[in-house]
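Asks: For reference, the structure I am asking about is given below.
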Amino acid sequence: MKVLVPVKRVIDYNVKVRVKSDQTGVDLANVKMSMNPFDEIAVEEAVRLKEAGTAEEIVAISIGPEKAQDQLRQALAMGADRAILIKTDETVEPLGVAKLLKAVVEEESPQLVILGKQAIDDDSNQTGQMLAALLGWSQGTFASEVKIDGDKANVTREIDGGLQTIAINLPAIVTTDLRLNEPRYASLPNIMKAKKKPLDVKEVGDYGVDIAPRLTTVKVTEPPKREAGVKVADVAELVSKLKNEAGVI
Ligand code: AMP
């Protein structure tokens with residue numbers, strides 16, 4: 001079985017994000033960029049499927065700038081076999097990403113595509129679902145466990161009420177939740193080996209799909225500053241404040 005793993009280059013989760021002064025977006029100048037954390041979980045899951053003998057080949061793919069090769073090399077160091085970069089300096093919205101991924105799926109014919117449940121920069125939580133819809137494939141989103149059983153996948157999903165296990169037919173789309181696994185660190189020898197693994201660089205134009213933006217960003221602002229809290233002496237005072245000052249009870 002071939003597994004395709006889309007990985008996105010995003011602002012590192014430890015970075016304190018600053019809004020640009022003209023409110024058009026977030027300042028990315030000289031900021032540490034990393035692989036989207038949910039995509040690390042996706043790569044790890046694919047590598048575990050390969051180690052279990054279920055997957056034969058893992059292809060990592062990214063749509064982004066030239067520098068997204070760093071994140072693809074990380075995926076290769078974790079255990080992916082080869083990588084594809086579809087190069088663009090433009091922001092590609094989830095629908096555009098899903099259309100490009102569909103074109104790659106048609107070329108590569110994977111049995112499974114494992115994406116992150118969301119990218120931590122735009123927090124869209126859309127690409128996996130859109131890709132499943134475009135391909136007409138089954139989807140198991142927010143996965144905390146994936147078991148492949150012949151031509152089916154049993155996916156345990158994290159839902160509001162707890163856990164739900166569904167059986168879906170392959171080929172399928174899976175999106176990862178936090179508890180699916182703990183991604184490994186790439187060892188130094190594997191980082192060195194990853195430098196020699198194949199990484200194909202393509203252009204968006206090679207795929208002939210319409211990725212023109214459909215969304216307009218009106219303005220980006222900082223969240224309102226949190227006001228200082230107060231300490232109350234006892235429950236009676238708390239109830240009185242909630243009733244008389246906050247007006248919430
Ligand atoms: P989103 O729908 O933007 O929250 O992203 C969900 C998932 O789609 C991510 O975790 C990635 O697996 C994948 N994805 C989104 N954008 C890209 C991109 N530019 N390149 C590769 N994968 C992406």
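Ligands are numbered from 1 in the order shown, chains are lettered A, B, ... in the order of the structure tokens, and residues start at 1 in each chain.
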Quick one: residues within 6 Å of range 163-177 of chain A, only C-alpha atoms counted, chain neighbours fewer than 2 positions away excluded, as an MDAnalysis selection string?
Replies: chainID A and resid 111:117 137:144 151:159 179:180
Asks: Please return as an NGL selection string the residues found within 6 Å of ligand 1, counting only C-alpha atoms and all ligand atoms.
Replies: :A and (6-8 or 38-39 or 61-64 or 94 or 97 or 115-119 or 122-128)
Asks: Considering only C-alpha atoms, return as a PyMOL selection string whatever protein or nucleic-acid residues lie within 12 Å of Leu238 in chain A, sequence-local ones (same chain, fewer than 6 positions apart) excluded.
Replies: chain A and resi 230-232+244-249
Asks: Taking into account only C-alpha atoms, which residue in the set A:Val10, A:Val104, A:Ala186, A:Leu85 is nearest to Leu28 in chain A?
Replies: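 Once distances to Leu28 in chain A are computed over only C-alpha atoms, the minimum belongs to A:Val10.
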Asks: From the options A:Asp149, A:Glu227, A:Asp210, A:Glu44, which residue's atoms come nearest to Glu93 in chain A, counting only C-alpha atoms?
Replies: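 Between A:Asp149, A:Glu227, A:Asp210, A:Glu44, the residue approaching Glu93 in chain A most closely is A:Asp210.
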Asks: Tell me which protein, DNA and RNA residues are within 8 Å of Asp27 in chain A, counting only C-alpha atoms, leaving out same-chain ones fewer than 6 positions away, and put them as a list in words.
Replies: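 That gives Val17, Arg18, Val19 and Lys20 of chain A.
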Asks: Against range 75-83 of chain A, which residues of range 8-49 of chain A fall within 9 Å? For each one I want the closest pair of atoms and the distance in Å (one decimal), counting only C-alpha atoms, rows by chain and increasing residue number, as JSON lines.
Replies:
```
{"residue": "A:Met35", "atom": "CA", "partner": "A:Ala75", "partner_atom": "CA", "distance": 8.6}
{"residue": "A:Glu40", "atom": "CA", "partner": "A:Ala75", "partner_atom": "CA", "distance": 7.6}
{"residue": "A:Val43", "atom": "CA", "partner": "A:Ala75", "partner_atom": "CA", "distance": 6.5}
{"residue": "A:Glu44", "atom": "CA", "partner": "A:Met78", "partner_atom": "CA", "distance": 7.2}
{"residue": "A:Ala46", "atom": "CA", "partner": "A:Ala80", "partner_atom": "CA", "distance": 8.0}
{"residue": "A:Val47", "atom": "CA", "partner": "A:Gly79", "partner_atom": "CA", "distance": 5.8}
```
Asks: In range 11-206 of chain A, what's helix (DSSP H, G or I) per DSSP? Answer as a count of residues only?
Replies: 65
Asks: For Ala194 in chain A, please output as a ChimeraX atom specification all residues within 8 Å (counting only C-alpha atoms; exclusion window: fewer than 3 positions along the same chain).
Replies: /A:73-74,76-77,190-191,197
Asks: Could you pull the residues within 9 Å of Val15 in chain A, counting only C-alpha atoms, minus those fewer than 2 positions along the same chain, as a JSON list (two decimals) with N, CA and C atoms, in the first residue's frame?
Replies:
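Wrote it out as result.json, contents follow:
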```
[["chain", "number", "residue", "atom", "x", "y", "z"],
["A", 11, "ILE", "N", 4.23, 28.55, 10.78],
["A", 11, "ILE", "CA", 4.94, 29.24, 11.85],
["A", 11, "ILE", "C", 5.07, 28.26, 13.04],
["A", 12, "ASP", "N", 6.25, 28.22, 13.66],
["A", 12, "ASP", "CA", 6.47, 27.25, 14.75],
["A", 12, "ASP", "C", 5.51, 27.52, 15.91],
["A", 13, "TYR", "N", 5.06, 26.44, 16.53],
["A", 13, "TYR", "CA", 4.02, 26.61, 17.57],
["A", 13, "TYR", "C", 4.52, 27.35, 18.80],
["A", 17, "VAL", "N", 3.10, 34.98, 18.08],
["A", 17, "VAL", "CA", 2.72, 35.57, 16.79],
["A", 17, "VAL", "C", 2.47, 37.07, 16.94],
["A", 18, "ARG", "N", 3.03, 37.84, 15.97],
["A", 18, "ARG", "CA", 2.78, 39.29, 15.96],
["A", 18, "ARG", "C", 1.97, 39.67, 14.73],
["A", 31, "VAL", "N", 10.99, 34.61, 11.34],
["A", 31, "VAL", "CA", 10.27, 33.82, 12.32],
["A", 31, "VAL", "C", 10.56, 32.34, 12.06],
["A", 32, "LYS", "N", 10.71, 31.56, 13.13],
["A", 32, "LYS", "CA", 11.01, 30.13, 12.95],
["A", 32, "LYS", "C", 9.79, 29.42, 12.35],
["A", 33, "MET", "N", 10.05, 28.64, 11.30],
["A", 33, "MET", "CA", 8.99, 27.89, 10.63],
["A", 33, "MET", "C", 9.24, 26.40, 10.85]]
```
Asks: Please compute the CA of Ala98 in chain A-CA of Gly208 in chain A distance, one decimal, in Å.
Replies: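 Separation of CA of Ala98 in chain A and CA of Gly208 in chain A: 13.4 Å.
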Asks: Could you work out how far CA of Leu100 in chain A lies from CA of Arg48 in chain A, giving the answer in Å with one decimal?
Replies: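 Those two atoms sit 26.1 Å apart.
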Asks: Between CA of Val204 in chain A and CA of Lys87 in chain A, what distance in Å does the model show, to one decimal?
Replies: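 Separation of CA of Val204 in chain A and CA of Lys87 in chain A: 6.3 Å.
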Asks: What's around Thr216 in chain A at 12 Å? Count only C-alpha atoms, leave out sequence neighbours fewer than 6 positions away in its own chain, and write the answer as a ChimeraX atom specification.
Replies: /A:24-25,91,93
Asks: Which is closer to Arg184 in chain A than all the others in A:Leu134, A:Val5, A:Val92, A:Ile41, using only C-alpha atoms?
Replies: A:Ile41
